[in-house]
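Pasting my_file-v2.pdb here (PDB, C-alpha atoms and all ligand atoms):
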```pdb
ATOM      1  CA  MET A 288     -42.286 -97.768 -28.152
ATOM      2  CA  PRO A 289     -43.604 -94.279 -27.377
ATOM      3  CA  GLN A 290     -43.006 -93.314 -23.793
ATOM      4  CA  LYS A 291     -46.153 -92.549 -21.852
ATOM      5  CA  SER A 292     -46.330 -89.110 -20.298
ATOM      6  CA  ILE A 293     -45.505 -89.226 -16.621
ATOM      7  CA  THR A 294     -48.140 -86.540 -16.054
ATOM      8  CA  ASN A 295     -50.772 -89.257 -16.454
ATOM      9  CA  LEU A 296     -49.690 -90.782 -13.157
ATOM     10  CA  VAL A 297     -51.695 -89.795 -10.106
ATOM     11  CA  ILE A 298     -48.641 -89.418  -7.880
ATOM     12  CA  VAL A 299     -47.013 -87.079 -10.425
ATOM     13  CA  LYS A 300     -50.183 -85.027 -10.849
ATOM     14  CA  ASP A 301     -50.580 -84.682  -7.105
ATOM     15  CA  LEU A 302     -46.989 -83.579  -6.650
ATOM     16  CA  LEU A 303     -47.114 -80.970  -9.435
ATOM     17  CA  ASP A 304     -50.399 -79.671  -8.103
ATOM     18  CA  ILE A 305     -49.002 -79.182  -4.621
ATOM     19  CA  VAL A 306     -45.674 -77.709  -5.743
ATOM     20  CA  GLY A 307     -46.729 -75.573  -8.710
ATOM     21  CA  GLY A 308     -50.462 -74.999  -8.360
ATOM     22  CA  GLN A 309     -53.311 -75.848 -10.694
ATOM     23  CA  ASP A 310     -51.540 -74.927 -13.956
ATOM     24  CA  ALA A 311     -48.432 -76.982 -13.264
ATOM     25  CA  VAL A 312     -49.644 -80.282 -14.752
ATOM     26  CA  ILE A 313     -50.631 -78.736 -18.084
ATOM     27  CA  LEU A 314     -47.404 -76.727 -18.186
ATOM     28  CA  VAL A 315     -45.243 -79.781 -17.611
ATOM     29  CA  LYS A 316     -47.248 -81.691 -20.201
ATOM     30  CA  LEU A 317     -46.599 -78.985 -22.799
ATOM     31  CA  CYS A 318     -42.876 -78.912 -22.022
ATOM     32  CA  GLU A 319     -42.758 -82.695 -22.279
ATOM     33  CA  LYS A 320     -44.347 -82.580 -25.716
ATOM     34  CA  LYS A 321     -41.909 -79.979 -27.011
ATOM     35  CA  ARG A 322     -38.859 -82.030 -26.075
ATOM     36  CA  LYS A 323     -36.751 -78.886 -26.142
ATOM     37  CA  ARG A 324     -36.492 -75.701 -24.164
ATOM     38  CA  VAL A 325     -39.477 -73.339 -24.306
ATOM     39  CA  THR A 326     -39.904 -69.669 -23.543
ATOM     40  CA  ASP A 327     -42.476 -68.443 -21.064
ATOM     41  CA  GLU A 328     -44.153 -66.450 -23.864
ATOM     42  CA  GLU A 329     -44.610 -69.621 -25.868
ATOM     43  CA  LEU A 330     -46.134 -71.398 -22.885
ATOM     44  CA  SER A 331     -48.392 -68.459 -22.160
ATOM     45  CA  LYS A 332     -49.810 -68.579 -25.704
ATOM     46  CA  LYS A 333     -50.370 -72.327 -25.580
ATOM     47  CA  MET A 334     -51.903 -72.265 -22.106
ATOM     48  CA  LYS A 335     -53.957 -69.137 -22.804
ATOM     49  CA  LYS A 336     -52.648 -67.643 -19.591
ATOM     50  CA  LYS A 337     -50.889 -64.393 -18.828
ATOM     51  CA  VAL A 338     -47.096 -64.518 -19.023
ATOM     52  CA  THR A 339     -46.934 -63.400 -15.395
ATOM     53  CA  GLU A 340     -49.104 -66.355 -14.356
ATOM     54  CA  VAL A 341     -46.949 -68.772 -16.330
ATOM     55  CA  ARG A 342     -43.815 -67.288 -14.780
ATOM     56  CA  ALA A 343     -45.297 -67.666 -11.305
ATOM     57  CA  THR A 344     -45.903 -71.361 -11.943
ATOM     58  CA  LEU A 345     -42.420 -71.794 -13.427
ATOM     59  CA  ASN A 346     -40.838 -70.100 -10.438
ATOM     60  CA  LYS A 347     -42.625 -72.405  -8.023
ATOM     61  CA  LEU A 348     -41.396 -75.409  -9.986
ATOM     62  CA  HIS A 349     -37.925 -73.909 -10.195
ATOM     63  CA  TYR A 350     -37.806 -73.540  -6.433
ATOM     64  CA  ARG A 351     -38.042 -77.313  -6.099
ATOM     65  CA  GLY A 352     -35.633 -77.913  -8.967
ATOM     66  CA  ILE A 353     -38.335 -79.250 -11.284
ATOM     67  CA  ALA A 354     -38.020 -76.427 -13.816
ATOM     68  CA  CYS A 355     -34.689 -75.027 -14.966
ATOM     69  CA  TYR A 356     -33.999 -72.045 -17.182
ATOM     70  CA  GLN A 357     -31.248 -70.839 -19.429
ATOM     71  CA  LYS A 358     -30.594 -67.153 -19.823
ATOM     72  CA  THR A 359     -29.381 -65.934 -23.185
ATOM     73  CA  ARG A 360     -28.823 -62.398 -24.356
ATOM     74  CA  ASN A 361     -30.378 -61.184 -27.549
ATOM     75  CA  GLN A 362     -27.493 -59.527 -29.403
ATOM     76  CA  LYS A 363     -29.690 -56.992 -31.184
ATOM     77  CA  THR A 364     -31.942 -55.813 -28.401
ATOM     78  CA  GLY A 365     -29.689 -56.553 -25.462
ATOM     79  CA  TRP A 366     -32.644 -58.159 -23.671
ATOM     80  CA  TYR A 367     -32.454 -61.459 -21.925
ATOM     81  CA  ASN A 368     -34.343 -64.510 -23.115
ATOM     82  CA  TYR A 369     -35.316 -67.246 -20.720
ATOM     83  CA  THR A 370     -35.844 -70.725 -22.034
ATOM     84  CA  TRP A 371     -37.225 -73.370 -19.732
ATOM     85  CA  GLU A 372     -36.869 -77.067 -19.333
ATOM     86  CA  ILE A 373     -38.569 -79.590 -17.047
ATOM     87  CA  LYS A 374     -36.344 -81.993 -15.153
ATOM     88  CA  LYS A 375     -38.144 -85.318 -15.074
ATOM     89  CA  ASP A 376     -35.362 -86.841 -13.005
ATOM     90  CA  ARG A 377     -36.038 -84.336 -10.282
ATOM     91  CA  ILE A 378     -39.770 -85.154 -10.275
ATOM     92  CA  THR A 379     -38.895 -88.827  -9.905
ATOM     93  CA  GLU A 380     -36.448 -88.014  -7.136
ATOM     94  CA  ILE A 381     -38.972 -86.046  -5.055
ATOM     95  CA  ILE A 382     -41.617 -88.718  -5.551
ATOM     96  CA  GLU A 383     -39.193 -91.397  -4.498
ATOM     97  CA  GLU A 384     -38.495 -89.581  -1.239
ATOM     98  CA  GLN A 385     -42.149 -88.937  -0.479
ATOM     99  CA  GLN A 386     -43.693 -92.195  -1.556
ATOM    100  CA  THR A 387     -41.134 -94.472   0.061
ATOM    101  CA  GLU A 388     -42.075 -92.932   3.373
ATOM    102  CA  MET A 389     -45.784 -93.126   2.570
ATOM    103  CA  LEU A 390     -45.527 -96.783   1.600
ATOM    104  CA  GLU A 391     -43.708 -97.617   4.777
ATOM    105  CA  LYS A 392     -46.494 -96.034   6.796
ATOM    106  CA  LEU A 393     -49.200 -97.845   4.843
ATOM    107  CA  TYR A 394     -47.464-101.191   5.238
ATOM    108  CA  GLN A 395     -47.093-100.582   8.943
ATOM    109  CA  LYS A 396     -50.740 -99.702   9.247
ATOM    110  CA  LYS A 397     -51.770-102.770   7.319
ATOM    111  CA  ASN A 398     -49.623-105.108   9.372
ATOM    112  CA  LEU A 399     -50.692-103.655  12.683
ATOM    113  CA  GLU A 400     -54.294-103.798  11.677
ATOM    114  CA  ALA A 401     -54.059-107.503  11.115
ATOM    115  CA  ASP A 402     -52.827-108.047  14.657
ATOM    116  CA  TYR A 403     -54.673-105.662  16.923
ATOM    117  CA  SER A 404     -57.957-103.981  17.448
ATOM    118  CA  PHE A 405     -57.532-100.333  16.607
ATOM    119  CA  PHE A 406     -59.655 -97.241  16.755
ATOM    120  CA  ASP A 407     -59.089 -94.279  14.451
ATOM    121  CA  CYS A 408     -60.106 -90.667  14.956
ATOM    122  CA  GLU A 409     -62.373 -89.628  12.119
ATOM    123  CA  LYS A 410     -61.002 -86.107  12.216
ATOM    124  CA  CYS A 411     -57.246 -86.228  12.705
ATOM    125  CA  ASN A 412     -56.529 -89.919  12.002
ATOM    126  CA  GLU A 413     -54.973 -90.409  15.412
ATOM    127  CA  ARG A 414     -54.881 -94.121  16.142
ATOM    128  CA  ALA A 415     -55.323 -95.857  19.488
ATOM    129  CA  LEU A 416     -55.735 -99.379  20.797
ATOM    130  CA  PHE A 417     -59.216-100.380  21.876
ATOM    131  CA  GLU A 418     -58.341-100.173  25.587
ATOM    132  CA  ILE A 419     -57.046 -96.624  25.254
ATOM    133  CA  ALA A 420     -59.917 -95.458  23.064
ATOM    134  CA  ALA A 421     -62.401 -96.932  25.532
ATOM    135  CA  GLU A 422     -60.673 -95.111  28.379
ATOM    136  CA  TYR A 423     -61.389 -91.850  26.543
ATOM    137  CA  ASN A 424     -64.960 -92.908  25.783
ATOM    138  CA  PHE A 425     -64.027 -93.086  22.104
ATOM    139  CA  ILE A 426     -63.387 -89.363  21.962
ATOM    140  CA  CYS A 427     -60.003 -88.484  20.434
ATOM    141  CA  PRO A 428     -57.670 -87.136  23.158
ATOM    142  CA  THR A 429     -55.907 -84.990  20.569
ATOM    143  CA  CYS A 430     -58.741 -83.215  18.797
ATOM    144  CA  GLY A 431     -62.025 -84.314  20.352
ATOM    145  CA  GLY A 432     -63.247 -86.118  17.246
ATOM    146  CA  SER A 433     -65.057 -89.425  17.548
ATOM    147  CA  MET A 434     -63.056 -92.623  17.262
ATOM    148  CA  THR A 435     -64.362 -95.562  15.307
ATOM    149  CA  SER A 436     -63.111 -99.091  14.856
ATOM    150  CA  ALA A 437     -60.385 -99.508  12.287
ATOM    151  CA  ASN A 438     -60.931-103.230  12.114
ATOM    152  CA  ASP A 439     -63.211-103.088   9.193
ATOM    153  CA  PRO A 440     -62.241-105.973   6.893
ATOM    154  CA  ASN A 441     -62.721-103.608   3.980
ATOM    155  CA  ARG A 442     -60.016-101.332   5.351
ATOM    156  CA  GLN A 443     -57.397-104.048   5.052
ATOM    157  CA  LYS A 444     -58.413-104.513   1.464
ATOM    158  CA  GLU A 445     -58.486-100.771   0.860
ATOM    159  CA  LEU A 446     -54.989-100.361   2.241
ATOM    160  CA  GLY A 447     -53.812-103.191   0.039
ATOM    161  CA  VAL A 448     -55.319-101.545  -3.039
ATOM    162  CA  ARG A 449     -53.741 -98.173  -2.139
ATOM    163  CA  ILE A 450     -50.339 -99.784  -1.680
ATOM    164  CA  LYS A 451     -50.601-101.631  -4.991
ATOM    165  CA  LYS A 452     -51.602 -98.465  -6.848
ATOM    166  CA  ILE A 453     -48.624 -96.503  -5.535
ATOM    167  CA  GLU A 454     -46.217 -99.356  -6.202
ATOM    168  CA  LYS A 455     -47.464 -99.728  -9.745
ATOM    169  CA  GLU A 456     -46.928 -96.026 -10.494
ATOM    170  CA  LEU A 457     -43.504 -96.083  -8.873
ATOM    171  CA  GLU A 458     -42.582 -98.976 -11.102
ATOM    172  CA  ILE A 459     -43.611 -97.011 -14.190
ATOM    173  CA  LEU A 460     -41.360 -94.204 -12.977
ATOM    174  CA  GLY A 461     -38.534 -96.685 -12.606
ATOM    175  CA  ILE A 462     -38.537 -96.561  -8.809
ATOM    176  CA  GLY A 463     -39.332-100.206  -8.290
ATOM    177  CA  GLU A 464     -37.836-102.055  -5.331
ATOM    178  CA  GLY A 465     -34.108-102.453  -5.600
ATOM    179  CA  LYS A 466     -33.941 -99.457  -7.893
ATOM    180  CA  ALA A 467     -34.323 -97.022  -5.040
ATOM    181  CA  GLN A 468     -30.902 -95.503  -5.451
ATOM    182  CA  LYS A 469     -30.342 -91.805  -5.297
ATOM    183  CA  LEU A 470     -30.546 -90.136  -8.652
ATOM    184  CA  GLY A 471     -28.367 -87.314  -7.444
ATOM    185  CA  HIS A 472     -29.555 -84.856 -10.010
ATOM    186  CA  ILE A 473     -28.608 -81.241  -9.624
ATOM    187  CA  CYS A 474     -30.487 -78.483 -11.366
ATOM    188  CA  LYS A 475     -28.149 -75.924 -12.845
ATOM    189  CA  PRO A 476     -29.398 -72.682 -14.288
TER     190      PRO A 476
HETATM  191 ZN    ZN B   1     -58.468 -86.593  16.569
END
```
Represent the structure from my file as structure tokens, please.
Ligand SMILES: [Zn+2]
Amino acid sequence: MPQKSITNLVIVKDLLDIVGGQDAVILVKLCEKKRKRVTDEELSKKMKKKVTEVRATLNKLHYRGIACYQKTRNQKTGWYNYTWEIKKDRITEIIEEQQTEMLEKLYQKKNLEADYSFFDCEKCNERALFEIAAEYNFICPTCGGSMTSANDPNRQKELGVRIKKIEKELEILGIGEGKAQKLGHICKP
């Protein structure tokens, strides 16, 4: 069965976008397709981007351990060649850290919402109980934004849908419940 590209997952796309900028998703996709190490020149041709731009993206990914390179010396010219590789394990590892925390927060929010009457700030998302919000005339004490009721029945549903979506993608990445062990991958140049 052909393995689906992990770059199709929203949580992977979001992560690559934040870490490596707008070209990161396409770069990772290309590396995935190649299934072996690629040079930055090769990527630059395929992406129709300057080598310096490709290198900038690679360096950002390298900083988080997502991209690794191997340095080899060309015997004839004496120049160094850099060939790059994307560490999927590392992507999974970062996502596991981030999304586990996110899920916990969403679950908490969902559970609390079922029990109490909450008001949320529209600007900064600060949350307060009705009594507190009323005390502040429904103006957020943190940022001054207006606070509106969180007890919209649609919100419960929305939260549920968001949680399901994340859990489904985590499962595809092999981070389902019970599997949340550390991958312990180290990126070596
Ligand atoms: Zn606020």
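For ligand ZN 1 (chain B), the set of protein, DNA and RNA residues within 6 Å, based on all atoms listed in the file, reads Cys408, Lys410, Cys411, Asn412, Glu413, Cys427, Thr429, Cys430, Gly431 and Gly432 of chain A.
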With all atoms listed in the file as the counted atoms, please give the residues lying no more than 12 Å from range 392-396 of chain A, apart from itself and same-chain residues fewer than 3 positions off, as a ChimeraX atom specification. /A:385-389,399-407,412-415,437-438,442-454
Print the selection's residues with C-alpha atoms to a file, as a PDB file, in the coordinates of the input.
```
ATOM      1  CA  GLN A 385     -42.149 -88.937  -0.479  1.00  0.00           C
ATOM      2  CA  GLN A 386     -43.693 -92.195  -1.556  1.00  0.00           C
ATOM      3  CA  THR A 387     -41.134 -94.472   0.061  1.00  0.00           C
ATOM      4  CA  GLU A 388     -42.075 -92.932   3.373  1.00  0.00           C
ATOM      5  CA  MET A 389     -45.784 -93.126   2.570  1.00  0.00           C
ATOM      6  CA  LEU A 399     -50.692-103.655  12.683  1.00  0.00           C
ATOM      7  CA  GLU A 400     -54.294-103.798  11.677  1.00  0.00           C
ATOM      8  CA  ALA A 401     -54.059-107.503  11.115  1.00  0.00           C
ATOM      9  CA  ASP A 402     -52.827-108.047  14.657  1.00  0.00           C
ATOM     10  CA  TYR A 403     -54.673-105.662  16.923  1.00  0.00           C
ATOM     11  CA  SER A 404     -57.957-103.981  17.448  1.00  0.00           C
ATOM     12  CA  PHE A 405     -57.532-100.333  16.607  1.00  0.00           C
ATOM     13  CA  PHE A 406     -59.655 -97.241  16.755  1.00  0.00           C
ATOM     14  CA  ASP A 407     -59.089 -94.279  14.451  1.00  0.00           C
ATOM     15  CA  ASN A 412     -56.529 -89.919  12.002  1.00  0.00           C
ATOM     16  CA  GLU A 413     -54.973 -90.409  15.412  1.00  0.00           C
ATOM     17  CA  ARG A 414     -54.881 -94.121  16.142  1.00  0.00           C
ATOM     18  CA  ALA A 415     -55.323 -95.857  19.488  1.00  0.00           C
ATOM     19  CA  ALA A 437     -60.385 -99.508  12.287  1.00  0.00           C
ATOM     20  CA  ASN A 438     -60.931-103.230  12.114  1.00  0.00           C
ATOM     21  CA  ARG A 442     -60.016-101.332   5.351  1.00  0.00           C
ATOM     22  CA  GLN A 443     -57.397-104.048   5.052  1.00  0.00           C
ATOM     23  CA  LYS A 444     -58.413-104.513   1.464  1.00  0.00           C
ATOM     24  CA  GLU A 445     -58.486-100.771   0.860  1.00  0.00           C
ATOM     25  CA  LEU A 446     -54.989-100.361   2.241  1.00  0.00           C
ATOM     26  CA  GLY A 447     -53.812-103.191   0.039  1.00  0.00           C
ATOM     27  CA  VAL A 448     -55.319-101.545  -3.039  1.00  0.00           C
ATOM     28  CA  ARG A 449     -53.741 -98.173  -2.139  1.00  0.00           C
ATOM     29  CA  ILE A 450     -50.339 -99.784  -1.680  1.00  0.00           C
ATOM     30  CA  LYS A 451     -50.601-101.631  -4.991  1.00  0.00           C
ATOM     31  CA  LYS A 452     -51.602 -98.465  -6.848  1.00  0.00           C
ATOM     32  CA  ILE A 453     -48.624 -96.503  -5.535  1.00  0.00           C
ATOM     33  CA  GLU A 454     -46.217 -99.356  -6.202  1.00  0.00           C
TER      34      GLU A 454
END
```
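Residues in contact range of Ile353 in chain A, defined as at most 8 Å between all atoms listed in the file, with sequence neighbours fewer than 3 positions away removed, read Leu348, His349, Tyr350, Ile373, Lys374, Lys375, Arg377, Ile378 and Cys474 of chain A.
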For the file shown, what are the residues hit by the PyMOL selection byres (((chain A and resi 292) around 9) and not hetatm), laid out as a list in words?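 Applying the expression gives Gln290, Lys291, Ile293, Thr294, Asn295, Leu296, Lys316, Glu319 and Lys320 of chain A.
Straight-line separation from CA of Leu317 in chain A to CA of Arg342 in chain A: 14.5 Å.
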Between A:Ile313, A:Leu302, A:Ala421, A:Val325, which is the closest to Thr370 in chain A once you count all atoms listed in the file? A:Val325
I want to know what sits within 9 Å of Glu372 in chain A, based on all atoms listed in the file, with residues of the same chain fewer than 4 positions away left out; could you give that as a PyMOL selection string? chain A and resi 315+318-319+322-325+353-357
Please report the interatomic distance between CA of Trp371 in chain A and CA of Lys358 in chain A in Å with one decimal. 9.1 Å
Hey, what's within 9 Å of Glu456 in chain A if we count all atoms listed in the file and toss same-chain stuff fewer than 5 positions away? As a ChimeraX atom specification, please? /A:296-299,451,461-463
Since the input has fewer atoms than a full residue there, write range 441-452 of chain A out with all heavy atoms, as a CSV table (one decimal), keeping the file's coordinate frame.
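Just written: part.csv:
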```
chain,number,residue,atom,x,y,z
A,441,ASN,N,-62.9,-104.4,5.2
A,441,ASN,CA,-62.7,-103.6,4.0
A,441,ASN,C,-61.5,-102.7,4.0
A,441,ASN,O,-60.9,-102.4,3.0
A,441,ASN,CB,-64.0,-102.8,3.7
A,441,ASN,CG,-65.1,-103.6,3.2
A,441,ASN,OD1,-64.9,-104.6,2.5
A,441,ASN,ND2,-66.3,-103.2,3.5
A,442,ARG,N,-61.2,-102.2,5.2
A,442,ARG,CA,-60.0,-101.3,5.4
A,442,ARG,C,-58.7,-102.0,5.0
A,442,ARG,O,-57.9,-101.4,4.4
A,442,ARG,CB,-59.9,-100.8,6.8
A,442,ARG,CG,-60.6,-99.5,6.9
A,442,ARG,CD,-60.4,-98.9,8.3
A,442,ARG,NE,-59.0,-98.6,8.5
A,442,ARG,CZ,-58.5,-97.4,8.3
A,442,ARG,NH1,-59.2,-96.4,8.0
A,442,ARG,NH2,-57.2,-97.3,8.6
A,443,GLN,N,-58.6,-103.3,5.4
A,443,GLN,CA,-57.4,-104.0,5.1
A,443,GLN,C,-57.3,-104.1,3.5
A,443,GLN,O,-56.2,-103.9,3.0
A,443,GLN,CB,-57.6,-105.5,5.6
A,443,GLN,CG,-57.1,-105.6,7.0
A,443,GLN,CD,-55.7,-106.1,7.1
A,443,GLN,OE1,-54.9,-106.1,6.1
A,443,GLN,NE2,-55.3,-106.4,8.3
A,444,LYS,N,-58.4,-104.4,2.9
A,444,LYS,CA,-58.4,-104.5,1.5
A,444,LYS,C,-58.1,-103.2,0.8
A,444,LYS,O,-57.3,-103.1,-0.1
A,444,LYS,CB,-59.8,-105.0,1.0
A,444,LYS,CG,-59.8,-106.2,0.1
A,444,LYS,CD,-61.1,-106.4,-0.6
A,444,LYS,CE,-61.8,-107.7,-0.3
A,444,LYS,NZ,-63.2,-107.7,-0.6
A,445,GLU,N,-58.7,-102.1,1.4
A,445,GLU,CA,-58.5,-100.8,0.9
A,445,GLU,C,-57.0,-100.4,0.9
A,445,GLU,O,-56.5,-99.8,0.0
A,445,GLU,CB,-59.3,-99.8,1.7
A,445,GLU,CG,-60.4,-99.1,1.1
A,445,GLU,CD,-61.2,-98.3,2.1
A,445,GLU,OE1,-60.6,-97.4,2.7
A,445,GLU,OE2,-62.4,-98.6,2.3
A,446,LEU,N,-56.4,-100.7,2.1
A,446,LEU,CA,-55.0,-100.4,2.2
A,446,LEU,C,-54.2,-101.1,1.2
A,446,LEU,O,-53.2,-100.6,0.6
A,446,LEU,CB,-54.5,-100.7,3.7
A,446,LEU,CG,-54.9,-99.7,4.8
A,446,LEU,CD1,-54.5,-100.3,6.1
A,446,LEU,CD2,-54.1,-98.4,4.6
A,447,GLY,N,-54.5,-102.4,1.0
A,447,GLY,CA,-53.8,-103.2,0.0
A,447,GLY,C,-53.9,-102.6,-1.4
A,447,GLY,O,-52.9,-102.5,-2.1
A,448,VAL,N,-55.1,-102.1,-1.7
A,448,VAL,CA,-55.3,-101.5,-3.0
A,448,VAL,C,-54.5,-100.3,-3.2
A,448,VAL,O,-53.9,-100.0,-4.2
A,448,VAL,CB,-56.8,-101.2,-3.3
A,448,VAL,CG1,-57.0,-100.4,-4.5
A,448,VAL,CG2,-57.6,-102.6,-3.4
A,449,ARG,N,-54.5,-99.4,-2.1
A,449,ARG,CA,-53.7,-98.2,-2.1
A,449,ARG,C,-52.3,-98.4,-2.3
A,449,ARG,O,-51.6,-97.8,-3.1
A,449,ARG,CB,-54.0,-97.4,-0.8
A,449,ARG,CG,-54.9,-96.2,-1.0
A,449,ARG,CD,-55.0,-95.5,0.3
A,449,ARG,NE,-54.1,-94.4,0.5
A,449,ARG,CZ,-53.9,-93.8,1.6
A,449,ARG,NH1,-54.7,-94.0,2.6
A,449,ARG,NH2,-53.0,-92.8,1.7
A,450,ILE,N,-51.8,-99.4,-1.6
A,450,ILE,CA,-50.3,-99.8,-1.7
A,450,ILE,C,-50.0,-100.2,-3.1
A,450,ILE,O,-49.0,-99.8,-3.7
A,450,ILE,CB,-50.0,-100.9,-0.7
A,450,ILE,CG1,-50.0,-100.3,0.8
A,450,ILE,CG2,-48.6,-101.5,-0.9
A,450,ILE,CD1,-49.9,-101.3,1.9
A,451,LYS,N,-50.8,-101.1,-3.6
A,451,LYS,CA,-50.6,-101.6,-5.0
A,451,LYS,C,-50.6,-100.5,-6.0
A,451,LYS,O,-49.7,-100.5,-6.9
A,451,LYS,CB,-51.7,-102.6,-5.4
A,451,LYS,CG,-51.4,-104.0,-5.0
A,451,LYS,CD,-51.7,-105.0,-6.1
A,451,LYS,CE,-51.3,-106.4,-5.7
A,451,LYS,NZ,-52.4,-107.1,-4.9
A,452,LYS,N,-51.5,-99.6,-5.9
A,452,LYS,CA,-51.6,-98.5,-6.8
A,452,LYS,C,-50.3,-97.6,-6.8
A,452,LYS,O,-49.8,-97.3,-7.9
A,452,LYS,CB,-52.8,-97.5,-6.5
A,452,LYS,CG,-53.9,-97.7,-7.4
A,452,LYS,CD,-54.9,-96.6,-7.1
A,452,LYS,CE,-56.3,-96.9,-7.6
A,452,LYS,NZ,-57.4,-96.2,-7.0
```
